[in-house]
Each structure stands twice: as structure tokens, then as C-alpha cells.
Amino acid sequence: MKISQTPLLARGRFTLEELKSYFKTSCFSNTTSEGIYLRYDQGEWLKARAKRVRPEFVQAIEAHWSRTGITANKLHKDVYY
């Protein structure tokens with residue numbers, strides 16, 4: 001099993017409209033990406049992070065995570081081998 005790294009799209013400061021321009025075809029499939037991951041680093045440390053999701057993706061979700069209980073993230077056992 002291969003874990004793919006999120007591609008770096010750009011560095012800098014962006015307006016909301018500029019961020020929306022990054023919603024393009026996914027690097028991992030032929031579909032539109034669900035969103036973009038934003039991070040703010042201070043030196044070598046992650047200071048803050050966010051994810052901007054396109055509206056069509058959120059509307060297509062039947063049971064949004066905010067309406068369910070908290071579930072711990074786990075790696076599939078095949079990742080360890």
C-alpha cells in the first residue's frame with residue numbers, strides 16, 4: 001500500500017478568490033479535488049492549518065462528520081508491513 005503525499009500547489013498569501021482557483025482536477029484521480037489543505041508554518045513548526053473544501057463536495061456528503069460521534073483515526077494493518 002502506498003501513501004501519497006499532498007502536492008505543494010503554492011506558497012504565499014492568497015485572497016479567497018485566489019484559493020478557489022486551486023480547485024482543479026485531483027492529482028490522484030480524474031475527478032475534481034475535494035479541497036485544498038492550508039498550513040501556516042513558523043520556522044520549522046506547524047503553527048496553524050485548515051482545509052478549504054469546495055461547496056459541491058460538502059453538499060454531496062450524506063452524514064457530515066460534525067453530526068456524528070468522534071472516531072479515532074487508525075492505519076490499516078497492511079500499512080505496518
# chains A, B, ... in the order shown; residues from 1 in each chain; ligands from 1
call {"tool": "residues_around", "arguments": {"residues": "stretch 41-50 of chain A", "least_positions_apart": "5", "cutoff": "12 Å", "atoms": "only C-alpha atoms", "output": "list in words"}}
result
Arg11, Gly12, Gly35 and Ile36 of chain A
call {"tool": "write_last_selection", "arguments": {"atoms": "all heavy atoms", "output": "compact mmCIF listing (two decimals), in the first residue's frame"}}
result
# COMPACT_ATOMS: atom_id res chain seq x y z
N ARG A 11 3.10 28.78 -2.45
CA ARG A 11 3.47 29.36 -1.16
C ARG A 11 3.15 30.85 -1.23
O ARG A 11 3.31 31.46 -2.28
CB ARG A 11 4.96 29.19 -0.88
CG ARG A 11 5.40 27.80 -0.61
CD ARG A 11 6.92 27.78 -0.37
NE ARG A 11 7.41 26.43 -0.31
CZ ARG A 11 7.61 25.75 0.82
NH1 ARG A 11 7.33 26.31 1.98
NH2 ARG A 11 8.07 24.52 0.80
N GLY A 12 2.72 31.42 -0.13
CA GLY A 12 2.48 32.86 -0.10
C GLY A 12 1.17 33.21 0.57
O GLY A 12 0.58 32.40 1.29
N GLY A 35 -10.83 19.53 -2.13
CA GLY A 35 -10.47 20.80 -1.50
C GLY A 35 -8.96 20.97 -1.46
O GLY A 35 -8.22 20.24 -2.12
N ILE A 36 -8.54 21.97 -0.70
CA ILE A 36 -7.12 22.24 -0.55
C ILE A 36 -6.79 22.34 0.94
O ILE A 36 -7.60 22.77 1.74
CB ILE A 36 -6.69 23.52 -1.30
CG1 ILE A 36 -7.54 24.71 -0.87
CG2 ILE A 36 -6.74 23.32 -2.79
CD1 ILE A 36 -7.12 26.03 -1.48
call {"tool": "closest_residue", "arguments": {"among": "A:Tyr40, A:Phe23, A:Phe28, A:Phe14", "to": "A:Pro55", "atoms": "only C-alpha atoms"}}
result
A:Phe23
call {"tool": "residues_around", "arguments": {"residues": "A:Tyr37", "least_positions_apart": "4", "cutoff": "12 Å", "atoms": "only C-alpha atoms", "output": "list of chain:residue names"}}
result
A:Gln5, A:Thr6, A:Pro7, A:Leu8, A:Leu9, A:Ala10, A:Arg11, A:Leu19, A:Lys20, A:Tyr22, A:Phe23, A:Ser33, A:Ala48, A:Arg49, A:Ala50, A:Lys51, A:Arg52, A:Val53, A:Arg54
call {"tool": "atom_distance", "arguments": {"atom1": "atom CA of A:Phe57", "atom2": "atom CA of A:Lys24"}}
result
12.9 Å
call {"tool": "select_by_dssp", "arguments": {"residues": "stretch 19-50 of chain A", "states": "strand (DSSP E)", "output": "compact mmCIF listing (two decimals) with all heavy atoms, in the first residue's frame"}}
result
# COMPACT_ATOMS: atom_id res chain seq x y z
N GLY A 35 -10.83 19.53 -2.13
CA GLY A 35 -10.47 20.80 -1.50
C GLY A 35 -8.96 20.97 -1.46
O GLY A 35 -8.22 20.24 -2.12
N ILE A 36 -8.54 21.97 -0.70
CA ILE A 36 -7.12 22.24 -0.55
C ILE A 36 -6.79 22.34 0.94
O ILE A 36 -7.60 22.77 1.74
CB ILE A 36 -6.69 23.52 -1.30
CG1 ILE A 36 -7.54 24.71 -0.87
CG2 ILE A 36 -6.74 23.32 -2.79
CD1 ILE A 36 -7.12 26.03 -1.48
N TYR A 37 -5.60 21.92 1.27
CA TYR A 37 -5.10 21.94 2.64
C TYR A 37 -4.19 23.15 2.78
O TYR A 37 -3.29 23.36 1.97
CB TYR A 37 -4.33 20.64 2.92
CG TYR A 37 -3.63 20.59 4.25
CD1 TYR A 37 -4.34 20.30 5.41
CD2 TYR A 37 -2.27 20.79 4.34
CE1 TYR A 37 -3.69 20.24 6.64
CE2 TYR A 37 -1.61 20.73 5.57
CZ TYR A 37 -2.34 20.45 6.71
OH TYR A 37 -1.70 20.38 7.92
N LEU A 38 -4.44 23.97 3.79
CA LEU A 38 -3.66 25.17 4.04
C LEU A 38 -2.89 25.00 5.34
O LEU A 38 -3.42 24.45 6.30
CB LEU A 38 -4.58 26.39 4.16
CG LEU A 38 -5.58 26.58 3.03
CD1 LEU A 38 -6.63 27.60 3.41
CD2 LEU A 38 -4.86 26.99 1.76
N ARG A 39 -1.67 25.49 5.36
CA ARG A 39 -0.90 25.44 6.60
C ARG A 39 -0.07 26.70 6.76
O ARG A 39 0.36 27.29 5.78
CB ARG A 39 -0.03 24.19 6.68
CG ARG A 39 1.02 24.06 5.61
CD ARG A 39 1.82 22.78 5.74
NE ARG A 39 2.69 22.83 6.89
CZ ARG A 39 3.04 21.77 7.61
NH1 ARG A 39 2.60 20.58 7.28
NH2 ARG A 39 3.84 21.90 8.65
N TYR A 40 0.13 27.07 8.00
CA TYR A 40 0.95 28.23 8.35
C TYR A 40 2.07 27.72 9.24
O TYR A 40 1.82 27.21 10.32
CB TYR A 40 0.11 29.29 9.07
CG TYR A 40 0.93 30.43 9.61
CD1 TYR A 40 1.55 31.33 8.75
CD2 TYR A 40 1.11 30.59 10.97
CE1 TYR A 40 2.32 32.37 9.26
CE2 TYR A 40 1.87 31.63 11.48
CZ TYR A 40 2.48 32.51 10.62
OH TYR A 40 3.24 33.53 11.11
N ASP A 41 3.29 27.83 8.75
CA ASP A 41 4.46 27.38 9.50
C ASP A 41 5.16 28.58 10.12
O ASP A 41 5.22 29.66 9.54
CB ASP A 41 5.45 26.65 8.59
CG ASP A 41 4.90 25.35 8.06
OD1 ASP A 41 4.15 24.69 8.80
OD2 ASP A 41 5.21 24.99 6.91
N GLN A 42 5.69 28.36 11.31
CA GLN A 42 6.52 29.37 11.96
C GLN A 42 7.86 28.70 12.22
O GLN A 42 7.97 27.83 13.08
CB GLN A 42 5.86 29.83 13.26
CG GLN A 42 6.50 31.06 13.84
CD GLN A 42 5.65 31.65 14.96
OE1 GLN A 42 5.19 30.92 15.82
NE2 GLN A 42 5.46 32.95 14.92
N TRP A 45 8.10 24.75 12.54
CA TRP A 45 6.93 24.19 13.20
C TRP A 45 5.62 24.62 12.54
O TRP A 45 5.47 25.76 12.12
CB TRP A 45 6.90 24.60 14.67
CG TRP A 45 8.08 24.06 15.41
CD1 TRP A 45 9.27 24.70 15.63
CD2 TRP A 45 8.21 22.76 15.98
NE1 TRP A 45 10.13 23.89 16.32
CE2 TRP A 45 9.50 22.68 16.55
CE3 TRP A 45 7.37 21.67 16.07
CZ2 TRP A 45 9.96 21.55 17.20
CZ3 TRP A 45 7.83 20.54 16.71
CH2 TRP A 45 9.10 20.48 17.26
N LEU A 46 4.67 23.70 12.50
CA LEU A 46 3.32 23.99 12.03
C LEU A 46 2.63 24.84 13.08
O LEU A 46 2.50 24.43 14.23
CB LEU A 46 2.54 22.69 11.80
CG LEU A 46 1.05 22.85 11.52
CD1 LEU A 46 0.84 23.55 10.19
CD2 LEU A 46 0.39 21.48 11.52
N LYS A 47 2.19 26.03 12.71
CA LYS A 47 1.53 26.94 13.65
C LYS A 47 0.00 26.82 13.56
O LYS A 47 -0.69 26.86 14.57
CB LYS A 47 1.96 28.38 13.33
CG LYS A 47 1.44 29.42 14.24
CD LYS A 47 2.17 29.41 15.55
CE LYS A 47 1.73 30.60 16.39
NZ LYS A 47 2.31 30.61 17.69
N ALA A 48 -0.54 26.67 12.35
CA ALA A 48 -1.98 26.55 12.16
C ALA A 48 -2.24 25.83 10.84
O ALA A 48 -1.40 25.81 9.95
CB ALA A 48 -2.63 27.93 12.13
N ARG A 49 -3.43 25.24 10.74
CA ARG A 49 -3.80 24.55 9.50
C ARG A 49 -5.30 24.64 9.29
O ARG A 49 -6.07 24.87 10.21
CB ARG A 49 -3.35 23.10 9.53
CG ARG A 49 -4.02 22.32 10.63
CD ARG A 49 -3.50 20.92 10.70
NE ARG A 49 -4.09 20.27 11.87
CZ ARG A 49 -3.71 19.15 12.36
NH1 ARG A 49 -2.71 18.51 11.79
NH2 ARG A 49 -4.28 18.62 13.40
N ALA A 50 -5.70 24.45 8.04
CA ALA A 50 -7.12 24.50 7.69
C ALA A 50 -7.31 23.74 6.38
O ALA A 50 -6.35 23.46 5.66
CB ALA A 50 -7.59 25.94 7.52
call {"tool": "atom_distance", "arguments": {"atom1": "atom CA of A:Glu56", "atom2": "atom CA of A:Glu34"}}
result
8.5 Å
